[in-house]
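For reference, entry-v9.cif is printed below; it contains mmCIF, N, CA and C atoms.
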data_input
#
loop_
_atom_site.label_atom_id
_atom_site.label_comp_id
_atom_site.auth_asym_id
_atom_site.auth_seq_id
_atom_site.Cartn_x
_atom_site.Cartn_y
_atom_site.Cartn_z
N MET A 24 -1.33 8.61 3.89
CA MET A 24 -1.86 7.57 3.04
C MET A 24 -1.62 6.24 3.72
N LYS A 25 -2.65 5.50 3.91
CA LYS A 25 -2.52 4.16 4.48
C LYS A 25 -1.93 3.23 3.42
N LEU A 26 -1.19 2.25 3.88
CA LEU A 26 -0.58 1.31 2.93
C LEU A 26 -1.63 0.41 2.29
N SER A 27 -2.79 0.29 2.90
CA SER A 27 -3.87 -0.44 2.23
C SER A 27 -4.30 0.31 0.98
N THR A 28 -4.31 1.63 1.04
CA THR A 28 -4.65 2.46 -0.13
C THR A 28 -3.58 2.31 -1.21
N TYR A 29 -2.33 2.35 -0.80
CA TYR A 29 -1.23 2.22 -1.75
C TYR A 29 -1.37 0.98 -2.62
N ASN A 30 -1.85 -0.10 -2.04
CA ASN A 30 -1.96 -1.37 -2.75
C ASN A 30 -2.95 -1.30 -3.92
N PHE A 31 -3.81 -0.29 -3.94
CA PHE A 31 -4.83 -0.20 -4.98
C PHE A 31 -4.60 0.92 -5.99
N LEU A 32 -3.65 1.81 -5.72
CA LEU A 32 -3.42 2.95 -6.61
C LEU A 32 -2.72 2.53 -7.90
N THR A 33 -3.09 3.19 -8.99
CA THR A 33 -2.51 2.92 -10.29
C THR A 33 -2.39 4.23 -11.07
N SER A 34 -1.51 4.25 -12.03
CA SER A 34 -1.36 5.43 -12.89
C SER A 34 -1.87 5.15 -14.30
N LYS A 35 -2.80 4.22 -14.41
CA LYS A 35 -3.31 3.79 -15.72
C LYS A 35 -4.02 4.92 -16.48
N ALA A 36 -4.43 5.97 -15.80
CA ALA A 36 -5.13 7.07 -16.46
C ALA A 36 -4.20 7.94 -17.32
N ILE A 37 -2.89 7.79 -17.14
CA ILE A 37 -1.94 8.57 -17.94
C ILE A 37 -1.97 8.05 -19.38
N LYS A 38 -2.00 8.97 -20.32
CA LYS A 38 -2.02 8.61 -21.74
C LYS A 38 -0.84 7.70 -22.07
N GLY A 39 -1.11 6.58 -22.69
CA GLY A 39 -0.07 5.66 -23.12
C GLY A 39 0.32 4.60 -22.09
N VAL A 40 -0.17 4.73 -20.87
CA VAL A 40 0.16 3.75 -19.83
C VAL A 40 -0.80 2.56 -19.95
N LYS A 41 -0.24 1.37 -20.02
CA LYS A 41 -1.06 0.18 -20.18
C LYS A 41 -1.44 -0.46 -18.85
N VAL A 42 -0.52 -0.52 -17.90
CA VAL A 42 -0.79 -1.17 -16.61
C VAL A 42 -0.71 -0.15 -15.47
N GLY A 43 0.40 0.52 -15.32
CA GLY A 43 0.55 1.55 -14.29
C GLY A 43 0.53 1.04 -12.87
N PHE A 44 0.87 -0.23 -12.67
CA PHE A 44 0.84 -0.84 -11.34
C PHE A 44 1.96 -1.85 -11.23
N PRO A 45 2.58 -2.00 -10.11
CA PRO A 45 2.46 -1.18 -8.90
C PRO A 45 3.28 0.09 -9.03
N LEU A 46 2.81 1.12 -8.39
CA LEU A 46 3.56 2.37 -8.33
C LEU A 46 4.74 2.16 -7.39
N LYS A 47 5.86 2.78 -7.72
CA LYS A 47 7.03 2.71 -6.85
C LYS A 47 6.82 3.73 -5.72
N LEU A 48 6.93 3.27 -4.49
CA LEU A 48 6.71 4.11 -3.32
C LEU A 48 8.04 4.53 -2.72
N THR A 49 8.20 5.83 -2.53
CA THR A 49 9.35 6.38 -1.83
C THR A 49 8.81 7.14 -0.64
N ILE A 50 9.29 6.79 0.55
CA ILE A 50 8.75 7.37 1.79
C ILE A 50 9.78 8.27 2.43
N SER A 51 9.34 9.48 2.79
CA SER A 51 10.19 10.42 3.52
C SER A 51 9.81 10.49 5.00
N LYS A 52 8.51 10.31 5.28
CA LYS A 52 8.04 10.44 6.66
C LYS A 52 6.81 9.57 6.87
N THR A 53 6.81 8.83 7.98
CA THR A 53 5.65 8.01 8.34
C THR A 53 5.23 8.32 9.77
N GLU A 54 4.06 7.85 10.10
CA GLU A 54 3.54 7.98 11.45
C GLU A 54 2.67 6.75 11.71
N CYS A 55 2.69 6.26 12.93
CA CYS A 55 1.81 5.15 13.30
C CYS A 55 0.64 5.70 14.10
N ILE A 56 -0.55 5.41 13.62
CA ILE A 56 -1.77 5.86 14.27
C ILE A 56 -2.58 4.60 14.60
N GLU A 57 -2.83 4.40 15.87
CA GLU A 57 -3.54 3.21 16.32
C GLU A 57 -4.95 3.19 15.74
N ALA A 58 -5.35 2.03 15.27
CA ALA A 58 -6.69 1.82 14.72
C ALA A 58 -7.30 0.59 15.37
N GLU A 59 -8.59 0.59 15.50
CA GLU A 59 -9.28 -0.55 16.11
C GLU A 59 -9.09 -1.80 15.25
N TYR A 60 -8.69 -2.88 15.90
CA TYR A 60 -8.43 -4.13 15.20
C TYR A 60 -9.74 -4.83 14.86
N ASN A 61 -9.85 -5.28 13.61
CA ASN A 61 -11.02 -6.00 13.14
C ASN A 61 -10.53 -7.14 12.25
N ALA A 62 -10.43 -8.33 12.82
CA ALA A 62 -9.90 -9.49 12.09
C ALA A 62 -10.71 -9.81 10.84
N THR A 63 -12.02 -9.68 10.93
CA THR A 63 -12.88 -9.99 9.79
C THR A 63 -12.59 -9.06 8.62
N PHE A 64 -12.40 -7.77 8.91
CA PHE A 64 -12.09 -6.80 7.85
C PHE A 64 -10.78 -7.18 7.16
N ILE A 65 -9.76 -7.50 7.95
CA ILE A 65 -8.45 -7.86 7.37
C ILE A 65 -8.59 -9.13 6.53
N GLU A 66 -9.30 -10.13 7.04
CA GLU A 66 -9.50 -11.38 6.29
C GLU A 66 -10.17 -11.12 4.94
N ARG A 67 -11.14 -10.21 4.92
CA ARG A 67 -11.85 -9.91 3.67
C ARG A 67 -11.04 -9.03 2.74
N LEU A 68 -10.12 -8.26 3.29
CA LEU A 68 -9.27 -7.39 2.47
C LEU A 68 -8.16 -8.18 1.77
N ILE A 69 -7.67 -9.21 2.41
CA ILE A 69 -6.51 -9.96 1.92
C ILE A 69 -6.66 -10.47 0.48
N PRO A 70 -7.80 -11.07 0.10
CA PRO A 70 -7.89 -11.55 -1.29
C PRO A 70 -7.82 -10.44 -2.34
N LYS A 71 -8.08 -9.21 -1.95
CA LYS A 71 -8.06 -8.09 -2.88
C LYS A 71 -6.67 -7.49 -3.04
N LEU A 72 -5.74 -7.88 -2.19
CA LEU A 72 -4.40 -7.30 -2.18
C LEU A 72 -3.47 -7.98 -3.18
N ASP A 73 -2.59 -7.19 -3.73
CA ASP A 73 -1.50 -7.73 -4.55
C ASP A 73 -0.35 -8.01 -3.58
N TRP A 74 -0.06 -9.29 -3.33
CA TRP A 74 0.88 -9.65 -2.27
C TRP A 74 2.30 -9.12 -2.50
N PRO A 75 2.86 -9.22 -3.71
CA PRO A 75 4.21 -8.65 -3.89
C PRO A 75 4.26 -7.14 -3.59
N THR A 76 3.20 -6.41 -3.92
CA THR A 76 3.14 -4.98 -3.60
C THR A 76 3.04 -4.78 -2.10
N LEU A 77 2.25 -5.61 -1.44
CA LEU A 77 2.14 -5.56 0.02
C LEU A 77 3.49 -5.81 0.68
N TYR A 78 4.19 -6.82 0.21
CA TYR A 78 5.49 -7.15 0.80
C TYR A 78 6.50 -6.03 0.54
N SER A 79 6.45 -5.44 -0.63
CA SER A 79 7.33 -4.31 -0.95
C SER A 79 7.07 -3.14 0.01
N ALA A 80 5.81 -2.86 0.29
CA ALA A 80 5.46 -1.80 1.24
C ALA A 80 5.98 -2.13 2.64
N ALA A 81 5.89 -3.40 3.02
CA ALA A 81 6.40 -3.83 4.33
C ALA A 81 7.91 -3.60 4.41
N GLN A 82 8.62 -3.85 3.32
CA GLN A 82 10.05 -3.61 3.29
C GLN A 82 10.36 -2.12 3.45
N MET A 83 9.55 -1.27 2.84
CA MET A 83 9.79 0.17 2.89
C MET A 83 9.68 0.73 4.30
N VAL A 84 8.87 0.10 5.14
CA VAL A 84 8.66 0.60 6.51
C VAL A 84 9.27 -0.34 7.54
N ASP A 85 10.23 -1.16 7.11
CA ASP A 85 10.97 -2.06 7.99
C ASP A 85 10.09 -3.04 8.75
N LEU A 86 9.05 -3.55 8.09
CA LEU A 86 8.18 -4.57 8.69
C LEU A 86 8.18 -5.87 7.88
N ALA A 87 9.15 -6.03 6.99
CA ALA A 87 9.20 -7.22 6.14
C ALA A 87 9.40 -8.49 6.94
N ASP A 88 10.03 -8.40 8.11
CA ASP A 88 10.22 -9.59 8.94
C ASP A 88 8.90 -10.10 9.50
N ASP A 89 7.88 -9.22 9.55
CA ASP A 89 6.58 -9.60 10.11
C ASP A 89 5.64 -10.21 9.07
N ILE A 90 5.95 -10.00 7.79
CA ILE A 90 5.05 -10.41 6.71
C ILE A 90 5.76 -11.42 5.82
N PRO A 91 5.11 -12.56 5.52
CA PRO A 91 5.76 -13.53 4.62
C PRO A 91 5.90 -12.97 3.20
N SER A 92 6.99 -13.32 2.54
CA SER A 92 7.22 -12.82 1.19
C SER A 92 6.26 -13.44 0.17
N GLU A 93 5.77 -14.61 0.46
CA GLU A 93 4.80 -15.29 -0.41
C GLU A 93 3.43 -15.30 0.27
N HIS A 94 2.39 -15.23 -0.52
CA HIS A 94 1.03 -15.22 0.02
C HIS A 94 0.75 -16.56 0.73
N PRO A 95 0.49 -16.53 2.04
CA PRO A 95 0.22 -17.78 2.76
C PRO A 95 -1.15 -18.33 2.38
N THR A 96 -1.26 -19.64 2.39
CA THR A 96 -2.51 -20.27 1.98
C THR A 96 -3.56 -20.30 3.09
N ASN A 97 -3.14 -20.35 4.33
CA ASN A 97 -4.10 -20.47 5.44
C ASN A 97 -4.05 -19.23 6.34
N ILE A 98 -4.12 -18.08 5.74
CA ILE A 98 -3.92 -16.84 6.48
C ILE A 98 -5.00 -16.58 7.53
N ALA A 99 -6.22 -17.01 7.29
CA ALA A 99 -7.32 -16.71 8.20
C ALA A 99 -7.13 -17.34 9.57
N VAL A 100 -6.39 -18.42 9.66
CA VAL A 100 -6.24 -19.10 10.94
C VAL A 100 -5.07 -18.57 11.76
N THR A 101 -4.30 -17.68 11.22
CA THR A 101 -3.12 -17.16 11.91
C THR A 101 -3.44 -15.78 12.48
N GLU A 102 -3.89 -15.75 13.71
CA GLU A 102 -4.28 -14.49 14.35
C GLU A 102 -3.11 -13.51 14.45
N GLU A 103 -1.93 -14.02 14.75
CA GLU A 103 -0.76 -13.15 14.87
C GLU A 103 -0.46 -12.44 13.55
N LEU A 104 -0.55 -13.17 12.45
CA LEU A 104 -0.30 -12.57 11.14
C LEU A 104 -1.39 -11.54 10.79
N LEU A 105 -2.63 -11.84 11.13
CA LEU A 105 -3.71 -10.88 10.88
C LEU A 105 -3.46 -9.57 11.63
N GLN A 106 -2.97 -9.66 12.85
CA GLN A 106 -2.67 -8.46 13.63
C GLN A 106 -1.51 -7.68 13.00
N LYS A 107 -0.51 -8.39 12.50
CA LYS A 107 0.62 -7.72 11.85
C LYS A 107 0.18 -7.04 10.55
N LEU A 108 -0.70 -7.71 9.81
CA LEU A 108 -1.23 -7.11 8.59
C LEU A 108 -2.09 -5.88 8.92
N HIS A 109 -2.86 -5.97 9.98
CA HIS A 109 -3.65 -4.82 10.43
C HIS A 109 -2.74 -3.63 10.69
N HIS A 110 -1.66 -3.88 11.41
CA HIS A 110 -0.72 -2.80 11.72
C HIS A 110 -0.14 -2.20 10.43
N LEU A 111 0.33 -3.05 9.54
CA LEU A 111 0.94 -2.58 8.29
C LEU A 111 -0.05 -1.82 7.43
N LEU A 112 -1.23 -2.36 7.24
CA LEU A 112 -2.19 -1.80 6.30
C LEU A 112 -2.99 -0.62 6.83
N LEU A 113 -3.27 -0.61 8.14
CA LEU A 113 -4.18 0.40 8.66
C LEU A 113 -3.59 1.34 9.70
N GLU A 114 -2.44 1.02 10.25
CA GLU A 114 -1.87 1.88 11.28
C GLU A 114 -0.64 2.66 10.80
N VAL A 115 0.07 2.15 9.82
CA VAL A 115 1.22 2.87 9.26
C VAL A 115 0.69 3.87 8.25
N ASP A 116 0.97 5.14 8.49
CA ASP A 116 0.48 6.22 7.64
C ASP A 116 1.67 6.92 6.98
N VAL A 117 1.71 6.92 5.65
CA VAL A 117 2.77 7.61 4.92
C VAL A 117 2.36 9.09 4.83
N LEU A 118 3.14 9.95 5.49
CA LEU A 118 2.82 11.38 5.51
C LEU A 118 3.49 12.15 4.38
N GLU A 119 4.73 11.79 4.06
CA GLU A 119 5.48 12.50 3.02
C GLU A 119 6.21 11.49 2.15
N GLY A 120 6.32 11.79 0.88
CA GLY A 120 7.04 10.94 -0.07
C GLY A 120 6.48 11.14 -1.46
N HIS A 121 6.61 10.11 -2.28
CA HIS A 121 6.01 10.17 -3.61
C HIS A 121 5.80 8.77 -4.18
N LEU A 122 4.93 8.72 -5.17
CA LEU A 122 4.65 7.51 -5.93
C LEU A 122 5.16 7.74 -7.34
N GLU A 123 5.69 6.69 -7.95
CA GLU A 123 6.24 6.83 -9.30
C GLU A 123 5.60 5.82 -10.24
N CYS A 124 5.14 6.31 -11.38
CA CYS A 124 4.56 5.43 -12.40
C CYS A 124 5.65 4.51 -12.93
N PRO A 125 5.41 3.21 -12.97
CA PRO A 125 6.45 2.28 -13.43
C PRO A 125 6.71 2.38 -14.94
N GLU A 126 5.80 2.95 -15.68
CA GLU A 126 5.96 3.00 -17.13
C GLU A 126 6.49 4.34 -17.63
N THR A 127 6.10 5.45 -16.98
CA THR A 127 6.50 6.77 -17.46
C THR A 127 7.49 7.48 -16.54
N GLY A 128 7.57 7.04 -15.30
CA GLY A 128 8.44 7.71 -14.34
C GLY A 128 7.80 8.95 -13.72
N ARG A 129 6.55 9.22 -14.07
CA ARG A 129 5.82 10.39 -13.55
C ARG A 129 5.71 10.25 -12.03
N LEU A 130 6.06 11.34 -11.31
CA LEU A 130 6.00 11.35 -9.86
C LEU A 130 4.70 11.97 -9.37
N PHE A 131 4.12 11.34 -8.36
CA PHE A 131 2.93 11.84 -7.69
C PHE A 131 3.30 12.09 -6.24
N PRO A 132 3.31 13.35 -5.80
CA PRO A 132 3.74 13.64 -4.43
C PRO A 132 2.71 13.20 -3.39
N ILE A 133 3.23 12.84 -2.22
CA ILE A 133 2.39 12.56 -1.06
C ILE A 133 2.71 13.67 -0.06
N THR A 134 1.72 14.46 0.28
CA THR A 134 1.90 15.58 1.20
C THR A 134 0.83 15.50 2.28
N ASP A 135 1.26 15.58 3.52
CA ASP A 135 0.33 15.48 4.66
C ASP A 135 -0.54 14.24 4.57
N GLY A 136 0.02 13.16 4.05
CA GLY A 136 -0.68 11.88 3.97
C GLY A 136 -1.63 11.74 2.80
N ILE A 137 -1.63 12.71 1.89
CA ILE A 137 -2.55 12.68 0.75
C ILE A 137 -1.77 12.58 -0.55
N PRO A 138 -1.96 11.49 -1.30
CA PRO A 138 -1.29 11.39 -2.60
C PRO A 138 -2.00 12.26 -3.63
N ASN A 139 -1.26 13.08 -4.35
CA ASN A 139 -1.83 13.93 -5.39
C ASN A 139 -1.71 13.19 -6.71
N MET A 140 -2.80 12.59 -7.13
CA MET A 140 -2.81 11.78 -8.35
C MET A 140 -3.41 12.55 -9.53
N LEU A 141 -3.58 13.87 -9.37
CA LEU A 141 -4.13 14.67 -10.46
C LEU A 141 -3.15 14.73 -11.62
N LEU A 142 -3.70 14.65 -12.82
CA LEU A 142 -2.88 14.69 -14.02
C LEU A 142 -2.95 16.05 -14.68
N ASN A 143 -1.89 16.39 -15.41
CA ASN A 143 -1.90 17.59 -16.23
C ASN A 143 -2.75 17.33 -17.47
N GLU A 144 -3.24 18.39 -18.07
CA GLU A 144 -4.12 18.27 -19.23
C GLU A 144 -3.49 17.45 -20.35
N ASP A 145 -2.19 17.61 -20.59
CA ASP A 145 -1.52 16.90 -21.67
C ASP A 145 -1.27 15.43 -21.36
N GLU A 146 -1.51 15.00 -20.13
CA GLU A 146 -1.28 13.60 -19.75
C GLU A 146 -2.51 12.72 -19.89
N VAL A 147 -3.64 13.36 -20.13
CA VAL A 147 -4.91 12.61 -20.18
C VAL A 147 -5.21 12.20 -21.60
#

Turn this file's structure into structure tokens for me.
Amino acid sequence: MKLSTYNFLTSKAIKGVKVGFPLKLTISKTECIEAEYNATFIERLIPKLDWPTLYSAAQMVDLADDIPSEHPTNIAVTEELLQKLHHLLLEVDVLEGHLECPETGRLFPITDGIPNMLLNEDEV
């Protein structure tokens, strides 16, 4: 699971959950897979990201020193930061771990890089 995907996942479909975001991420295994850099894509993705969730993900994979804790105002002009965000969002792949609903504590396993967000019948 790419960390860009993590930034958008929610457990709001669970019965009784009002927000379900951000999911708590626990990582057991990661892998870095090189991806072609596209500054324009990263620039367009940034406004859609929840920055505190992004920074939390950076902390989980020991890249918090590369990413500012607060959303920078002039991010498009900082090529170095765009490259670091590219690495964090598109090259770091979470292979094993789990996501946890912040409201119910329900765990969603991540296996072979795929988060299993399927719900049981009684949870819908």

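When the PyMOL selection byres ((chain A and resi 36-52) around 5) is run on the displayed coordinates, the residues it returns are A:Thr33, A:Ser34, A:Lys35, A:Thr53, A:Glu54, A:Val117, A:Leu118, A:Glu119, A:Gly120, A:His121, A:Leu122, A:Glu123, A:Glu146, A:Val147.
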
Report task. Translate the PyMOL selection byres ((chain A and resi 102-109) around 8), as applied to the file shown, into an explicit residue set as a PyMOL selection string. Result -> chain A and resi 58-62+65-66+89-91+98-101+110-115

Using only N, CA and C atoms, please write the residues we just selected to a file, as a PDB file, keeping the file's coordinate frame.
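Saved file again-v3.pdb follows:
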ATOM      1  N   ALA A  58      -5.350   2.030  15.270  1.00  0.00           N
ATOM      2  CA  ALA A  58      -6.690   1.820  14.720  1.00  0.00           C
ATOM      3  C   ALA A  58      -7.300   0.590  15.370  1.00  0.00           C
ATOM      4  N   GLU A  59      -8.590   0.590  15.500  1.00  0.00           N
ATOM      5  CA  GLU A  59      -9.280  -0.550  16.110  1.00  0.00           C
ATOM      6  C   GLU A  59      -9.090  -1.800  15.250  1.00  0.00           C
ATOM      7  N   TYR A  60      -8.690  -2.880  15.900  1.00  0.00           N
ATOM      8  CA  TYR A  60      -8.430  -4.130  15.200  1.00  0.00           C
ATOM      9  C   TYR A  60      -9.740  -4.830  14.860  1.00  0.00           C
ATOM     10  N   ASN A  61      -9.850  -5.280  13.610  1.00  0.00           N
ATOM     11  CA  ASN A  61     -11.020  -6.000  13.140  1.00  0.00           C
ATOM     12  C   ASN A  61     -10.530  -7.140  12.250  1.00  0.00           C
ATOM     13  N   ALA A  62     -10.430  -8.330  12.820  1.00  0.00           N
ATOM     14  CA  ALA A  62      -9.900  -9.490  12.090  1.00  0.00           C
ATOM     15  C   ALA A  62     -10.710  -9.810  10.840  1.00  0.00           C
ATOM     16  N   ILE A  65      -9.760  -7.500   7.950  1.00  0.00           N
ATOM     17  CA  ILE A  65      -8.450  -7.860   7.370  1.00  0.00           C
ATOM     18  C   ILE A  65      -8.590  -9.130   6.530  1.00  0.00           C
ATOM     19  N   GLU A  66      -9.300 -10.130   7.040  1.00  0.00           N
ATOM     20  CA  GLU A  66      -9.500 -11.380   6.290  1.00  0.00           C
ATOM     21  C   GLU A  66     -10.170 -11.120   4.940  1.00  0.00           C
ATOM     22  N   ASP A  89       7.880  -9.220   9.550  1.00  0.00           N
ATOM     23  CA  ASP A  89       6.580  -9.600  10.110  1.00  0.00           C
ATOM     24  C   ASP A  89       5.640 -10.210   9.070  1.00  0.00           C
ATOM     25  N   ILE A  90       5.950 -10.000   7.790  1.00  0.00           N
ATOM     26  CA  ILE A  90       5.050 -10.410   6.710  1.00  0.00           C
ATOM     27  C   ILE A  90       5.760 -11.420   5.820  1.00  0.00           C
ATOM     28  N   PRO A  91       5.110 -12.560   5.520  1.00  0.00           N
ATOM     29  CA  PRO A  91       5.760 -13.530   4.620  1.00  0.00           C
ATOM     30  C   PRO A  91       5.900 -12.970   3.200  1.00  0.00           C
ATOM     31  N   ILE A  98      -4.120 -18.080   5.740  1.00  0.00           N
ATOM     32  CA  ILE A  98      -3.920 -16.840   6.480  1.00  0.00           C
ATOM     33  C   ILE A  98      -5.000 -16.580   7.530  1.00  0.00           C
ATOM     34  N   ALA A  99      -6.220 -17.010   7.290  1.00  0.00           N
ATOM     35  CA  ALA A  99      -7.320 -16.710   8.200  1.00  0.00           C
ATOM     36  C   ALA A  99      -7.130 -17.340   9.570  1.00  0.00           C
ATOM     37  N   VAL A 100      -6.390 -18.420   9.660  1.00  0.00           N
ATOM     38  CA  VAL A 100      -6.240 -19.100  10.940  1.00  0.00           C
ATOM     39  C   VAL A 100      -5.070 -18.570  11.760  1.00  0.00           C
ATOM     40  N   THR A 101      -4.300 -17.680  11.220  1.00  0.00           N
ATOM     41  CA  THR A 101      -3.120 -17.160  11.910  1.00  0.00           C
ATOM     42  C   THR A 101      -3.440 -15.780  12.480  1.00  0.00           C
ATOM     43  N   HIS A 110      -1.660  -3.880  11.410  1.00  0.00           N
ATOM     44  CA  HIS A 110      -0.720  -2.800  11.720  1.00  0.00           C
ATOM     45  C   HIS A 110      -0.140  -2.200  10.430  1.00  0.00           C
ATOM     46  N   LEU A 111       0.330  -3.050   9.540  1.00  0.00           N
ATOM     47  CA  LEU A 111       0.940  -2.580   8.290  1.00  0.00           C
ATOM     48  C   LEU A 111      -0.050  -1.820   7.430  1.00  0.00           C
ATOM     49  N   LEU A 112      -1.230  -2.360   7.240  1.00  0.00           N
ATOM     50  CA  LEU A 112      -2.190  -1.800   6.300  1.00  0.00           C
ATOM     51  C   LEU A 112      -2.990  -0.620   6.830  1.00  0.00           C
ATOM     52  N   LEU A 113      -3.270  -0.610   8.140  1.00  0.00           N
ATOM     53  CA  LEU A 113      -4.180   0.400   8.660  1.00  0.00           C
ATOM     54  C   LEU A 113      -3.590   1.340   9.700  1.00  0.00           C
ATOM     55  N   GLU A 114      -2.440   1.020  10.250  1.00  0.00           N
ATOM     56  CA  GLU A 114      -1.870   1.880  11.280  1.00  0.00           C
ATOM     57  C   GLU A 114      -0.640   2.660  10.800  1.00  0.00           C
ATOM     58  N   VAL A 115       0.070   2.150   9.820  1.00  0.00           N
ATOM     59  CA  VAL A 115       1.220   2.870   9.260  1.00  0.00           C
ATOM     60  C   VAL A 115       0.690   3.870   8.250  1.00  0.00           C
TER      61      VAL A 115
END

Query raised in the report: Using only N, CA and C atoms, which of the listed residues (A:Phe64, A:Ile137, A:Ala87, A:Phe131) sits closest to Lys25 of chain A?
Result: A:Ile137

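Atom CA of Leu77 of chain A to atom C of Cys124 of chain A spans 16.8 Å [interatomic distance, one decimal].
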
Query raised in the report: How many Å separate atom CA of Leu86 of chain A from atom CA of Trp74 of chain A?
Result: 14.1 Å

**Report entry** Interatomic distance, atom CA of Gly128 of chain A to atom CA of Ala81 of chain A (Å, one decimal)
**Finding:** 22.0 Å

Query raised in the report: Where in chain A does DSSP assign strand (DSSP E or B), given as a PyMOL selection string?
Result: chain A and resi 25+47-55+115-123+130-134+137-138

Report task. Give me every alpha helix (DSSP H) residue in segment 34-143 of chain A, going by DSSP on the backbone, as a ChimeraX atom specification. Result -> /A:62-68,74-83,102-109

Grab the residues selected above and save them as a short mmCIF file (atom, residue, chain, number, x, y, z; two decimals), in the frame of the given file with N, CA and C atoms.
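And here is the file that came out, selection19.cif:
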data_model
loop_
_atom_site.label_atom_id
_atom_site.label_comp_id
_atom_site.auth_asym_id
_atom_site.auth_seq_id
_atom_site.Cartn_x
_atom_site.Cartn_y
_atom_site.Cartn_z
N ALA A 62 -10.43 -8.33 12.82
CA ALA A 62 -9.90 -9.49 12.09
C ALA A 62 -10.71 -9.81 10.84
N THR A 63 -12.02 -9.68 10.93
CA THR A 63 -12.88 -9.99 9.79
C THR A 63 -12.59 -9.06 8.62
N PHE A 64 -12.40 -7.77 8.91
CA PHE A 64 -12.09 -6.80 7.85
C PHE A 64 -10.78 -7.18 7.16
N ILE A 65 -9.76 -7.50 7.95
CA ILE A 65 -8.45 -7.86 7.37
C ILE A 65 -8.59 -9.13 6.53
N GLU A 66 -9.30 -10.13 7.04
CA GLU A 66 -9.50 -11.38 6.29
C GLU A 66 -10.17 -11.12 4.94
N ARG A 67 -11.14 -10.21 4.92
CA ARG A 67 -11.85 -9.91 3.67
C ARG A 67 -11.04 -9.03 2.74
N LEU A 68 -10.12 -8.26 3.29
CA LEU A 68 -9.27 -7.39 2.47
C LEU A 68 -8.16 -8.18 1.77
N TRP A 74 -0.06 -9.29 -3.33
CA TRP A 74 0.88 -9.65 -2.27
C TRP A 74 2.30 -9.12 -2.50
N PRO A 75 2.86 -9.22 -3.71
CA PRO A 75 4.21 -8.65 -3.89
C PRO A 75 4.26 -7.14 -3.59
N THR A 76 3.20 -6.41 -3.92
CA THR A 76 3.14 -4.98 -3.60
C THR A 76 3.04 -4.78 -2.10
N LEU A 77 2.25 -5.61 -1.44
CA LEU A 77 2.14 -5.56 0.02
C LEU A 77 3.49 -5.81 0.68
N TYR A 78 4.19 -6.82 0.21
CA TYR A 78 5.49 -7.15 0.80
C TYR A 78 6.50 -6.03 0.54
N SER A 79 6.45 -5.44 -0.63
CA SER A 79 7.33 -4.31 -0.95
C SER A 79 7.07 -3.14 0.01
N ALA A 80 5.81 -2.86 0.29
CA ALA A 80 5.46 -1.80 1.24
C ALA A 80 5.98 -2.13 2.64
N ALA A 81 5.89 -3.40 3.02
CA ALA A 81 6.40 -3.83 4.33
C ALA A 81 7.91 -3.60 4.41
N GLN A 82 8.62 -3.85 3.32
CA GLN A 82 10.05 -3.61 3.29
C GLN A 82 10.36 -2.12 3.45
N MET A 83 9.55 -1.27 2.84
CA MET A 83 9.79 0.17 2.89
C MET A 83 9.68 0.73 4.30
N GLU A 102 -3.89 -15.75 13.71
CA GLU A 102 -4.28 -14.49 14.35
C GLU A 102 -3.11 -13.51 14.45
N GLU A 103 -1.93 -14.02 14.75
CA GLU A 103 -0.76 -13.15 14.87
C GLU A 103 -0.46 -12.44 13.55
N LEU A 104 -0.55 -13.17 12.45
CA LEU A 104 -0.30 -12.57 11.14
C LEU A 104 -1.39 -11.54 10.79
N LEU A 105 -2.63 -11.84 11.13
CA LEU A 105 -3.71 -10.88 10.88
C LEU A 105 -3.46 -9.57 11.63
N GLN A 106 -2.97 -9.66 12.85
CA GLN A 106 -2.67 -8.46 13.63
C GLN A 106 -1.51 -7.68 13.00
N LYS A 107 -0.51 -8.39 12.50
CA LYS A 107 0.62 -7.72 11.85
C LYS A 107 0.18 -7.04 10.55
N LEU A 108 -0.70 -7.71 9.81
CA LEU A 108 -1.23 -7.11 8.59
C LEU A 108 -2.09 -5.88 8.92
N HIS A 109 -2.86 -5.97 9.98
CA HIS A 109 -3.65 -4.82 10.43
C HIS A 109 -2.74 -3.63 10.69
#

Requested in this report: Quick one: apply the PyMOL selection byres (((chain A and resi 28 and name CA) around 10) and name CA) to the file and drop the selected residues here as a VMD selection string.
Outcome: chain A and resid 24 to 27 29 to 32 72 112 to 113 138
